[in-house]
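Have a look at protein-v4.txt below; it lists compact mmCIF, C-alpha atoms and all ligand atoms.
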```txt
# COMPACT_ATOMS: atom_id res chain seq x y z
CA MET A 21 36.36 -25.76 31.48
CA PRO A 22 34.69 -22.33 31.99
CA LYS A 23 36.38 -19.48 30.17
CA PRO A 24 38.56 -17.51 32.60
CA VAL A 25 37.92 -13.85 33.34
CA CYS A 26 39.73 -11.74 30.76
CA TYR A 27 40.97 -8.21 30.18
CA SER A 28 41.71 -6.33 26.97
CA THR A 29 45.10 -5.26 25.68
CA LYS A 30 46.23 -3.50 22.52
CA ALA A 31 48.10 -5.57 19.95
CA PHE A 32 49.08 -5.82 16.26
CA SER A 33 47.67 -8.71 14.27
CA THR A 34 46.74 -10.03 10.85
CA ASN A 35 43.85 -12.25 9.78
CA ASN A 36 45.38 -13.78 6.67
CA ALA A 37 48.66 -14.32 4.84
CA THR A 38 48.50 -11.26 2.61
CA THR A 39 47.10 -8.45 4.78
CA PRO A 40 49.63 -6.23 6.59
CA LEU A 41 49.63 -6.27 10.38
CA ALA A 42 47.37 -3.64 11.96
CA ALA A 43 46.24 -2.43 15.37
CA THR A 44 43.67 -4.50 17.20
CA THR A 45 42.47 -5.32 20.71
CA ILE A 46 42.89 -8.82 22.11
CA GLU A 47 41.89 -10.62 25.29
CA ARG A 48 44.27 -12.06 27.88
CA ARG A 49 43.22 -14.20 30.83
CA GLN A 50 43.44 -12.60 34.27
CA PRO A 51 46.42 -14.23 36.02
CA ALA A 52 45.41 -17.47 37.76
CA ASP A 53 47.33 -19.27 40.54
CA THR A 54 50.65 -19.86 38.84
CA ASP A 55 50.41 -17.08 36.25
CA VAL A 56 52.57 -14.02 35.82
CA GLN A 57 51.16 -10.92 34.12
CA ILE A 58 53.80 -8.96 32.20
CA LYS A 59 53.72 -5.44 30.81
CA ILE A 60 55.64 -5.85 27.55
CA LEU A 61 58.27 -3.14 27.16
CA TYR A 62 60.11 -4.47 24.10
CA CYS A 63 59.59 -7.28 21.61
CA GLY A 64 62.17 -8.43 19.06
CA VAL A 65 61.21 -9.13 15.45
CA CYS A 66 62.22 -12.63 14.34
CA HIS A 67 62.14 -13.79 10.72
CA SER A 68 59.88 -16.59 12.00
CA ASP A 69 57.28 -13.89 12.79
CA LEU A 70 57.25 -13.03 9.08
CA HIS A 71 57.23 -16.69 7.91
CA PHE A 72 54.34 -17.34 10.28
CA ALA A 73 52.23 -14.20 9.67
CA ARG A 74 52.42 -14.97 5.94
CA ASN A 75 51.68 -18.69 6.43
CA GLU A 76 54.91 -19.69 4.67
CA TRP A 77 55.14 -22.94 6.64
CA GLY A 78 51.47 -23.76 5.96
CA PHE A 79 50.13 -24.20 9.51
CA THR A 80 49.29 -20.67 10.67
CA GLN A 81 46.05 -20.23 12.59
CA TYR A 82 44.55 -16.73 12.38
CA PRO A 83 44.24 -14.23 13.91
CA CYS A 84 48.03 -14.08 14.17
CA VAL A 85 49.75 -11.84 16.72
CA PRO A 86 53.47 -12.62 16.26
CA GLY A 87 56.28 -11.90 18.71
CA HIS A 88 58.34 -14.31 20.82
CA GLU A 89 61.25 -12.17 22.00
CA ILE A 90 59.45 -10.53 24.87
CA VAL A 91 60.88 -8.52 27.75
CA GLY A 92 58.95 -6.53 30.30
CA GLN A 93 57.97 -5.96 33.87
CA VAL A 94 55.80 -8.11 36.11
CA THR A 95 52.53 -6.27 36.88
CA ALA A 96 50.65 -9.01 38.79
CA VAL A 97 51.21 -12.58 39.99
CA GLY A 98 48.85 -15.39 40.94
CA SER A 99 48.67 -16.48 44.59
CA GLY A 100 50.79 -19.58 43.93
CA VAL A 101 53.65 -17.86 42.11
CA LYS A 102 56.96 -18.45 43.88
CA LYS A 103 59.71 -17.22 41.60
CA PHE A 104 58.51 -13.73 40.60
CA LYS A 105 57.04 -10.62 42.20
CA VAL A 106 55.53 -7.39 40.89
CA GLY A 107 58.25 -5.16 39.43
CA ASP A 108 60.64 -7.94 38.36
CA THR A 109 62.25 -7.66 34.92
CA VAL A 110 61.45 -10.80 32.96
CA GLY A 111 61.44 -12.40 29.54
CA VAL A 112 59.31 -14.83 27.54
CA GLY A 113 60.61 -16.69 24.50
CA CYS A 114 59.04 -19.04 21.99
CA LEU A 115 57.25 -21.32 24.47
CA VAL A 116 54.53 -20.57 27.04
CA ASP A 117 53.68 -24.11 28.19
CA SER A 118 54.26 -27.84 27.62
CA CYS A 119 52.92 -31.13 29.03
CA ARG A 120 55.42 -31.05 31.97
CA THR A 121 55.41 -34.85 32.32
CA CYS A 122 57.01 -36.43 29.22
CA PRO A 123 60.71 -37.42 29.17
CA ASP A 124 61.58 -34.31 27.12
CA CYS A 125 59.87 -31.98 29.60
CA ARG A 126 61.48 -33.74 32.55
CA SER A 127 64.90 -33.28 31.03
CA GLY A 128 64.36 -29.60 30.25
CA LEU A 129 63.89 -30.08 26.51
CA GLU A 130 60.40 -28.61 26.37
CA GLN A 131 60.93 -27.59 22.74
CA PHE A 132 60.63 -31.26 21.75
CA CYS A 133 57.48 -31.98 23.79
CA THR A 134 54.58 -32.98 21.55
CA GLY A 135 52.36 -30.93 23.88
CA MET A 136 54.48 -27.79 23.75
CA VAL A 137 52.56 -24.52 23.43
CA MET A 138 54.22 -21.87 21.31
CA THR A 139 53.91 -18.23 22.34
CA TYR A 140 51.87 -17.61 19.20
CA GLY A 141 50.08 -19.91 16.81
CA SER A 142 49.45 -22.89 19.12
CA THR A 143 46.03 -23.70 20.53
CA ASP A 144 45.38 -21.66 23.68
CA LYS A 145 44.13 -24.16 26.26
CA HIS A 146 42.69 -21.42 28.47
CA LEU A 147 40.86 -19.26 25.92
CA GLY A 148 40.55 -21.47 22.81
CA GLY A 149 41.75 -20.16 19.45
CA PRO A 150 45.41 -19.51 18.74
CA THR A 151 47.88 -18.28 21.34
CA LEU A 152 48.71 -14.62 20.69
CA GLY A 153 52.27 -13.36 20.92
CA GLY A 154 54.29 -10.39 22.03
CA TYR A 155 53.30 -7.63 19.58
CA ALA A 156 51.03 -6.49 22.42
CA GLN A 157 51.02 -4.37 25.56
CA SER A 158 50.71 -7.27 27.96
CA ILE A 159 50.84 -11.07 28.23
CA VAL A 160 50.01 -13.68 30.88
CA VAL A 161 52.29 -16.72 31.16
CA THR A 162 52.59 -19.54 33.68
CA GLU A 163 55.64 -18.88 35.85
CA ASP A 164 57.64 -21.92 34.74
CA PHE A 165 57.92 -20.40 31.26
CA VAL A 166 59.01 -16.96 32.46
CA LEU A 167 62.74 -16.15 32.51
CA ARG A 168 64.89 -13.76 34.52
CA ILE A 169 66.79 -11.05 32.63
CA PRO A 170 70.16 -10.17 34.22
CA ALA A 171 70.02 -6.63 35.61
CA ASN A 172 73.16 -5.41 33.84
CA LEU A 173 71.82 -5.99 30.32
CA ASN A 174 70.16 -3.28 28.26
CA LEU A 175 66.57 -4.47 28.23
CA ALA A 176 65.70 -3.69 24.60
CA ALA A 177 68.93 -5.29 23.36
CA ALA A 178 68.28 -8.34 25.55
CA ALA A 179 64.89 -9.07 23.95
CA PRO A 180 66.36 -10.92 20.92
CA LEU A 181 68.20 -13.30 23.25
CA LEU A 182 64.83 -14.99 23.88
CA CYS A 183 64.84 -16.50 20.38
CA ALA A 184 67.85 -15.49 18.26
CA GLY A 185 70.06 -15.95 21.33
CA ILE A 186 68.93 -19.38 22.49
CA THR A 187 68.56 -20.73 18.93
CA THR A 188 72.27 -20.16 18.28
CA TYR A 189 73.55 -20.81 21.83
CA SER A 190 71.88 -24.23 22.09
CA PRO A 191 73.44 -26.00 19.05
CA LEU A 192 76.87 -24.47 19.71
CA ARG A 193 76.69 -25.87 23.27
CA HIS A 194 75.14 -29.19 22.23
CA TRP A 195 77.96 -29.88 19.76
CA LYS A 196 80.53 -28.55 22.25
CA VAL A 197 82.02 -25.74 20.21
CA GLY A 198 85.19 -24.41 21.80
CA PRO A 199 88.87 -23.59 21.46
CA GLY A 200 90.73 -25.32 18.64
CA GLN A 201 87.62 -25.61 16.47
CA LYS A 202 86.82 -23.79 13.27
CA VAL A 203 83.16 -22.74 13.16
CA GLY A 204 81.24 -21.17 10.32
CA ILE A 205 78.11 -19.04 10.68
CA VAL A 206 76.03 -18.53 7.52
CA GLY A 207 73.97 -15.33 7.19
CA LEU A 208 74.48 -12.16 9.21
CA GLY A 209 70.91 -11.53 10.31
CA GLY A 210 69.31 -11.72 13.75
CA LEU A 211 70.33 -15.32 14.43
CA GLY A 212 73.63 -15.15 12.58
CA HIS A 213 74.99 -12.16 14.47
CA MET A 214 74.21 -13.87 17.79
CA GLY A 215 75.87 -17.03 16.46
CA VAL A 216 79.04 -15.03 15.76
CA LYS A 217 79.02 -13.54 19.27
CA PHE A 218 78.49 -16.90 21.01
CA ALA A 219 80.95 -18.90 18.88
CA ARG A 220 83.57 -16.22 19.59
CA ALA A 221 82.75 -16.20 23.31
CA PHE A 222 83.12 -20.01 23.41
CA GLY A 223 86.66 -19.70 22.03
CA ALA A 224 86.26 -21.04 18.48
CA HIS A 225 87.86 -19.65 15.32
CA VAL A 226 84.82 -17.99 13.72
CA VAL A 227 84.20 -17.50 10.01
CA LEU A 228 81.10 -15.60 8.90
CA PHE A 229 79.57 -16.25 5.48
CA THR A 230 77.49 -13.46 3.97
CA THR A 231 75.85 -12.58 0.69
CA SER A 232 76.13 -8.88 1.64
CA PRO A 233 79.61 -7.39 1.03
CA ASN A 234 78.54 -4.30 3.02
CA LYS A 235 78.39 -6.42 6.21
CA VAL A 236 82.06 -7.51 6.20
CA ALA A 237 83.32 -4.81 8.58
CA ASP A 238 80.38 -5.32 10.97
CA ALA A 239 80.95 -9.08 11.05
CA LYS A 240 84.54 -8.50 12.20
CA ARG A 241 83.43 -5.98 14.81
CA LEU A 242 80.87 -8.51 16.08
CA GLY A 243 83.60 -11.12 16.56
CA ALA A 244 84.27 -12.99 13.32
CA HIS A 245 87.96 -13.78 12.72
CA GLU A 246 87.34 -14.11 8.98
CA VAL A 247 84.50 -13.09 6.68
CA VAL A 248 83.72 -14.84 3.39
CA VAL A 249 81.48 -13.26 0.76
CA SER A 250 79.69 -16.43 -0.30
CA LYS A 251 79.03 -15.28 -3.88
CA ASP A 252 82.82 -15.24 -4.47
CA GLU A 253 83.79 -18.74 -5.63
CA ALA A 254 87.50 -18.27 -4.97
CA GLN A 255 86.83 -17.21 -1.36
CA MET A 256 84.56 -20.25 -0.89
CA ALA A 257 87.07 -22.66 -2.47
CA ALA A 258 89.79 -21.42 -0.12
CA GLN A 259 87.71 -22.71 2.85
CA ALA A 260 87.04 -26.23 1.45
CA GLY A 261 87.24 -29.15 3.89
CA SER A 262 88.24 -27.04 6.88
CA PHE A 263 85.27 -26.67 9.27
CA ASP A 264 84.29 -28.67 12.35
CA LEU A 265 80.81 -27.17 12.43
CA ILE A 266 78.80 -24.74 10.33
CA LEU A 267 75.61 -23.13 11.66
CA ASP A 268 73.31 -22.11 8.82
CA ALA A 269 70.93 -19.28 9.82
CA VAL A 270 69.63 -18.33 6.38
CA SER A 271 65.91 -17.59 5.96
CA ALA A 272 65.65 -18.26 2.21
CA THR A 273 66.48 -20.93 -0.36
CA HIS A 274 70.23 -21.25 -0.97
CA ASP A 275 72.82 -23.86 -1.97
CA ILE A 276 73.39 -26.02 1.08
CA ASN A 277 75.88 -28.28 -0.75
CA ALA A 278 78.35 -25.42 -1.04
CA TYR A 279 78.58 -25.49 2.79
CA LEU A 280 78.68 -29.30 3.12
CA ASN A 281 81.82 -29.16 0.99
CA LEU A 282 83.49 -26.83 3.48
CA LEU A 283 83.28 -29.38 6.34
CA LYS A 284 86.17 -31.60 7.45
CA HIS A 285 85.51 -35.32 7.65
CA ASP A 286 82.93 -35.91 10.43
CA GLY A 287 82.06 -32.22 10.31
CA ASN A 288 78.49 -31.12 10.95
CA LEU A 289 76.26 -28.65 9.12
CA VAL A 290 73.51 -27.54 11.50
CA LEU A 291 70.45 -25.89 10.04
CA VAL A 292 68.62 -23.38 12.21
CA GLY A 293 67.28 -21.28 9.33
CA ALA A 294 63.85 -22.49 8.22
CA PRO A 295 63.25 -21.50 4.58
CA GLU A 296 59.78 -21.94 3.13
CA LYS A 297 60.89 -24.40 0.44
CA PRO A 298 62.95 -27.65 0.74
CA LEU A 299 66.71 -27.45 0.24
CA PRO A 300 68.13 -30.08 -2.17
CA VAL A 301 71.00 -32.03 -0.58
CA ALA A 302 73.54 -33.80 -2.82
CA ALA A 303 74.60 -37.25 -1.60
CA LEU A 304 78.29 -37.15 -2.43
CA PRO A 305 79.43 -34.22 -0.25
CA LEU A 306 77.82 -36.03 2.73
CA ILE A 307 79.08 -39.52 1.92
CA PHE A 308 82.64 -38.78 0.98
CA ARG A 309 83.76 -37.48 4.32
CA ARG A 310 81.15 -39.00 6.66
CA ARG A 311 79.70 -35.54 7.19
CA SER A 312 76.48 -34.85 9.11
CA PHE A 313 73.60 -32.58 8.26
CA SER A 314 71.39 -31.74 11.23
CA GLY A 315 68.97 -29.23 12.68
CA SER A 316 68.21 -27.53 15.97
CA LEU A 317 65.10 -25.90 17.45
CA ILE A 318 65.36 -23.00 19.93
CA GLY A 319 66.22 -24.45 23.38
CA GLY A 320 64.50 -25.62 26.56
CA LEU A 321 63.71 -23.45 29.57
CA PRO A 322 66.74 -24.38 31.72
CA GLU A 323 69.13 -23.78 28.84
CA THR A 324 67.44 -20.48 27.97
CA GLN A 325 68.02 -19.27 31.53
CA GLU A 326 71.62 -20.55 31.36
CA MET A 327 72.10 -18.56 28.12
CA LEU A 328 70.64 -15.39 29.67
CA ASP A 329 72.93 -15.75 32.70
CA PHE A 330 75.91 -16.34 30.39
CA CYS A 331 74.99 -13.15 28.52
CA GLY A 332 74.79 -11.29 31.84
CA GLN A 333 78.25 -12.53 32.84
CA HIS A 334 79.83 -11.76 29.45
CA ASN A 335 77.79 -8.63 28.68
CA ILE A 336 76.36 -10.06 25.47
CA THR A 337 73.26 -8.55 23.88
CA SER A 338 71.93 -8.07 20.38
CA ASP A 339 72.78 -5.15 18.08
CA ILE A 340 69.36 -3.62 17.52
CA GLU A 341 67.42 -1.04 15.57
CA MET A 342 64.43 0.18 17.55
CA ILE A 343 61.15 0.66 15.70
CA ARG A 344 57.63 1.79 16.55
CA MET A 345 54.87 -0.83 16.41
CA ASP A 346 53.35 0.87 13.34
CA GLN A 347 56.65 0.41 11.45
CA ILE A 348 56.40 -3.38 11.56
CA ASN A 349 55.27 -3.95 7.97
CA GLY A 350 58.15 -1.86 6.62
CA ALA A 351 60.53 -3.75 8.91
CA TYR A 352 59.34 -7.05 7.40
CA GLU A 353 60.09 -5.73 3.89
CA ARG A 354 63.57 -4.68 4.99
CA MET A 355 64.13 -8.09 6.59
CA LEU A 356 63.35 -9.70 3.22
CA LYS A 357 66.09 -7.55 1.67
CA SER A 358 68.64 -8.67 4.33
CA ASP A 359 68.62 -5.04 5.52
CA VAL A 360 68.55 -5.50 9.30
CA LYS A 361 71.42 -4.46 11.57
CA TYR A 362 70.96 -6.82 13.19
CA ARG A 363 67.59 -7.16 14.90
CA PHE A 364 64.53 -4.95 14.88
CA VAL A 365 63.06 -4.43 18.34
CA ILE A 366 59.63 -2.87 18.85
CA ASP A 367 59.33 -0.19 21.52
CA MET A 368 55.97 -1.24 22.93
CA ALA A 369 55.34 2.22 24.42
CA SER A 370 54.56 3.17 20.81
CA LEU A 371 51.40 1.04 21.01
CA ALA A 372 49.93 3.01 23.94
P1 LIG B 401 67.09 -12.51 9.32
O1 LIG B 401 67.45 -11.56 10.40
O2 LIG B 401 66.21 -12.06 8.22
O3 LIG B 401 68.50 -13.04 8.70
C1 LIG B 401 68.56 -13.94 7.65
C2 LIG B 401 69.89 -13.72 6.91
O4 LIG B 401 70.01 -14.74 5.91
C3 LIG B 401 69.97 -12.43 6.14
O5 LIG B 401 70.35 -11.34 6.91
C4 LIG B 401 71.01 -12.76 5.08
O6 LIG B 401 72.32 -12.63 5.62
C5 LIG B 401 70.76 -14.23 4.82
N1 LIG B 401 69.96 -14.41 3.60
C6 LIG B 401 68.73 -13.94 3.35
N2 LIG B 401 68.30 -14.31 2.13
C7 LIG B 401 69.29 -15.06 1.61
C8 LIG B 401 69.46 -15.78 0.38
N3 LIG B 401 68.51 -15.76 -0.56
N4 LIG B 401 70.61 -16.47 0.19
C9 LIG B 401 71.56 -16.47 1.13
N5 LIG B 401 71.47 -15.81 2.30
C10 LIG B 401 70.35 -15.12 2.54
O7 LIG B 401 66.41 -13.82 9.90
P2 LIG B 401 66.54 -14.47 11.38
O8 LIG B 401 65.50 -13.89 12.26
O9 LIG B 401 67.95 -14.48 11.80
O10 LIG B 401 66.06 -15.97 11.08
C11 LIG B 401 66.79 -16.79 10.19
C12 LIG B 401 66.03 -18.08 9.93
O11 LIG B 401 66.03 -18.85 11.14
C13 LIG B 401 64.56 -17.87 9.57
O12 LIG B 401 64.20 -18.84 8.59
C14 LIG B 401 63.84 -18.17 10.87
O13 LIG B 401 62.51 -18.59 10.70
C15 LIG B 401 64.70 -19.27 11.42
N6 LIG B 401 64.59 -19.49 12.88
C16 LIG B 401 64.73 -20.77 13.31
C17 LIG B 401 64.72 -21.03 14.67
C18 LIG B 401 64.96 -22.43 15.17
O14 LIG B 401 64.61 -22.73 16.31
N7 LIG B 401 65.58 -23.28 14.38
C19 LIG B 401 64.51 -19.99 15.58
C20 LIG B 401 64.39 -18.70 15.10
C21 LIG B 401 64.43 -18.45 13.74
P3 LIG B 401 73.53 -12.02 4.73
O15 LIG B 401 73.07 -10.64 4.33
O16 LIG B 401 74.66 -12.01 5.68
O17 LIG B 401 73.74 -12.95 3.58
ZN ZN B 402 62.22 -16.57 16.57
ZN ZN B 403 56.22 -32.79 27.55
```
If you convert what's in this file into structure tokens, what do you get?
Ligand code: NAP
Ligand code: ZN
Ligand code: ZN
Amino acid sequence: MPKPVCYSTKAFSTNNATTPLAATTIERRQPADTDVQIKILYCGVCHSDLHFARNEWGFTQYPCVPGHEIVGQVTAVGSGVKKFKVGDTVGVGCLVDSCRTCPDCRSGLEQFCTGMVMTYGSTDKHLGGPTLGGYAQSIVVTEDFVLRIPANLNLAAAAPLLCAGITTYSPLRHWKVGPGQKVGIVGLGGLGHMGVKFARAFGAHVVLFTTSPNKVADAKRLGAHEVVVSKDEAQMAAQAGSFDLILDAVSATHDINAYLNLLKHDGNLVLVGAPEKPLPVAALPLIFRRRSFSGSLIGGLPETQEMLDFCGQHNITSDIEMIRMDQINGAYERMLKSDVKYRFVIDMASLA
């Protein structure tokens, strides 16, 4: 296939696991038939961006331009584009393409397609090399992977919905969280604070677990009915055997068995956090009460749009701290210290 005509756009990238991100220029394809060209206005900063830029999961292709919580404005559309026009406010999450034909794609579960193309770090079938993400001024995405952002939402605060939002919404919906259930959320970071908002909006009794005592008041303001400081053994013991579902959104190694013990019989501990190293799981806490330990990956395109529309109806966005693009390396260091309230969002005008 001949290489498509390209244009240049400013971005922030790194070429290896140890070098800080820095300004660069990258190429994007000119929009073809079904493509939408987007001027990126804001991009959220996910802990996965850090894991990936630093090759913590071991499969990063460089150069790496992270960023998969993208919102912006449509600047051009291909001749075959039906759903979007120039000027529309749109979003792009963790996926930019998939095979479109497998059973997972046909049922709207593109995240499980073996041919899924991640927004960054997959092979770019148009240009070769890795796909390059949203720490950039512009991106070109096929229209089926572009989402509508409800007009009433603050655009910068809506950016994190594209990953932190759908990653917490999807498992809470899949396991039918609702009134009468007791739900735990572990870790008050980008994902965790969205988990608290959604679990509360779905009508559950919400308990937030944190290692940071200074986040207790915020957790209540965000919607938690109770907050447990997880380092306090007495507070943990008081919750034993009481949860229907616990969503674990922690980015680092921690004791998973402490949370298995808090589940009722048939309760479910769902991992969305993706620490670099394996988490040891003890057999007995699982066996004794027929508990489940499971995982969940972002969400498919139809569910992501459903989540965005739900957020529009219920006025749900992320609590954000806006940064300039050149503050990204410092933001990563703060993220590692659990010092984010509760999502960094890059103002892409700062890259101009
Ligand atoms: P984040 O904003 O950095 O939040 C992580 C939170 O985990 C921290 O704020 C902290 O909360 C807690 N934490 C950190 N270190 C800890 C430790 N050593 N022990 C216990 N708790 C600790 O990260 P994020 O962007 O929400 O992402 C969280 C994880 O989800 C990352 O691993 C990310 O890669 C993964 N992720 C997965 C998916 C998916 O599809 N499954 C999608 C996106 C992200 P407290 O201060 O409250 O303790
Ligand atoms: Zn993410
Ligand atoms: Zn597929």
Residues of chain A at most 8 Å from ligand ZN 402 (chain B): nearest atom pair and distance in Å, all atoms listed in the file, as a tab-separated table:
```
residue	atom	partner	partner_atom	distance
A:Val65	CA	B:ZN402	ZN	7.6
A:Cys66	CA	B:ZN402	ZN	4.5
A:His67	CA	B:ZN402	ZN	6.5
A:Ser68	CA	B:ZN402	ZN	5.1
A:Asp69	CA	B:ZN402	ZN	6.8
A:Gly87	CA	B:ZN402	ZN	7.9
A:His88	CA	B:ZN402	ZN	6.2
A:Glu89	CA	B:ZN402	ZN	7.1
A:Cys114	CA	B:ZN402	ZN	6.8
A:Leu182	CA	B:ZN402	ZN	7.9
A:Cys183	CA	B:ZN402	ZN	4.6
A:Ala184	CA	B:ZN402	ZN	6.0
A:Thr187	CA	B:ZN402	ZN	7.9
A:Ile318	CA	B:ZN402	ZN	7.9
```
For Gln333 of chain A, work out the shell of residues within 9 Å, counting all atoms listed in the file and skipping chain neighbours fewer than 3 positions away, then give it as a PDB file with C-alpha atoms, in the coordinates of the input.
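Saved result, result01.pdb, follows:
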```
ATOM      1  CA  PRO A 170      70.160 -10.170  34.220  1.00  0.00           C
ATOM      2  CA  ASN A 172      73.160  -5.410  33.840  1.00  0.00           C
ATOM      3  CA  LEU A 328      70.640 -15.390  29.670  1.00  0.00           C
ATOM      4  CA  ASP A 329      72.930 -15.750  32.700  1.00  0.00           C
ATOM      5  CA  PHE A 330      75.910 -16.340  30.390  1.00  0.00           C
ATOM      6  CA  ILE A 336      76.360 -10.060  25.470  1.00  0.00           C
TER       7      ILE A 336
END
```
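All residues of protein, DNA or RNA that reach within 7 Å of segment 164-166 of chain A, judged by only C-alpha atoms and not counting those fewer than 5 positions away in the chain, are Val110, Gly111, Val112, Leu115, Val116, Asp117 and Leu321 of chain A.
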Original post:
Mind listing the residues within 7 Å of ligand LIG 401 (chain B), all atoms listed in the file counted, as number ranges by chain?
Top reply: A: 66-68, 71, 183-184, 187, 206-212, 229-232, 235, 269-274, 292-295, 316-318, 355-356, 358-360, 362-363
Mind dumping a table of every chain A residue within 7 Å of ligand ZN 403 (chain B), with the nearest atom pair and its distance in Å to one decimal, using all atoms listed in the file, sorted by chain and rising number, as a Markdown table?
```
| residue | atom | partner | partner_atom | distance |
| --- | --- | --- | --- | --- |
| A:Ser118 | CA | B:ZN403 | ZN | 5.3 |
| A:Cys119 | CA | B:ZN403 | ZN | 4.0 |
| A:Arg120 | CA | B:ZN403 | ZN | 4.8 |
| A:Thr121 | CA | B:ZN403 | ZN | 5.3 |
| A:Cys122 | CA | B:ZN403 | ZN | 4.1 |
| A:Pro123 | CA | B:ZN403 | ZN | 6.6 |
| A:Asp124 | CA | B:ZN403 | ZN | 5.6 |
| A:Cys125 | CA | B:ZN403 | ZN | 4.3 |
| A:Glu130 | CA | B:ZN403 | ZN | 6.0 |
| A:Cys133 | CA | B:ZN403 | ZN | 4.0 |
| A:Thr134 | CA | B:ZN403 | ZN | 6.2 |
| A:Gly135 | CA | B:ZN403 | ZN | 5.6 |
| A:Met136 | CA | B:ZN403 | ZN | 6.5 |
```
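Comparing A:Thr38, A:Ser370, A:Gln81, A:Thr324 by their smallest distance to Cys63 of chain A, the closest is A:Ser370 (using only C-alpha atoms).
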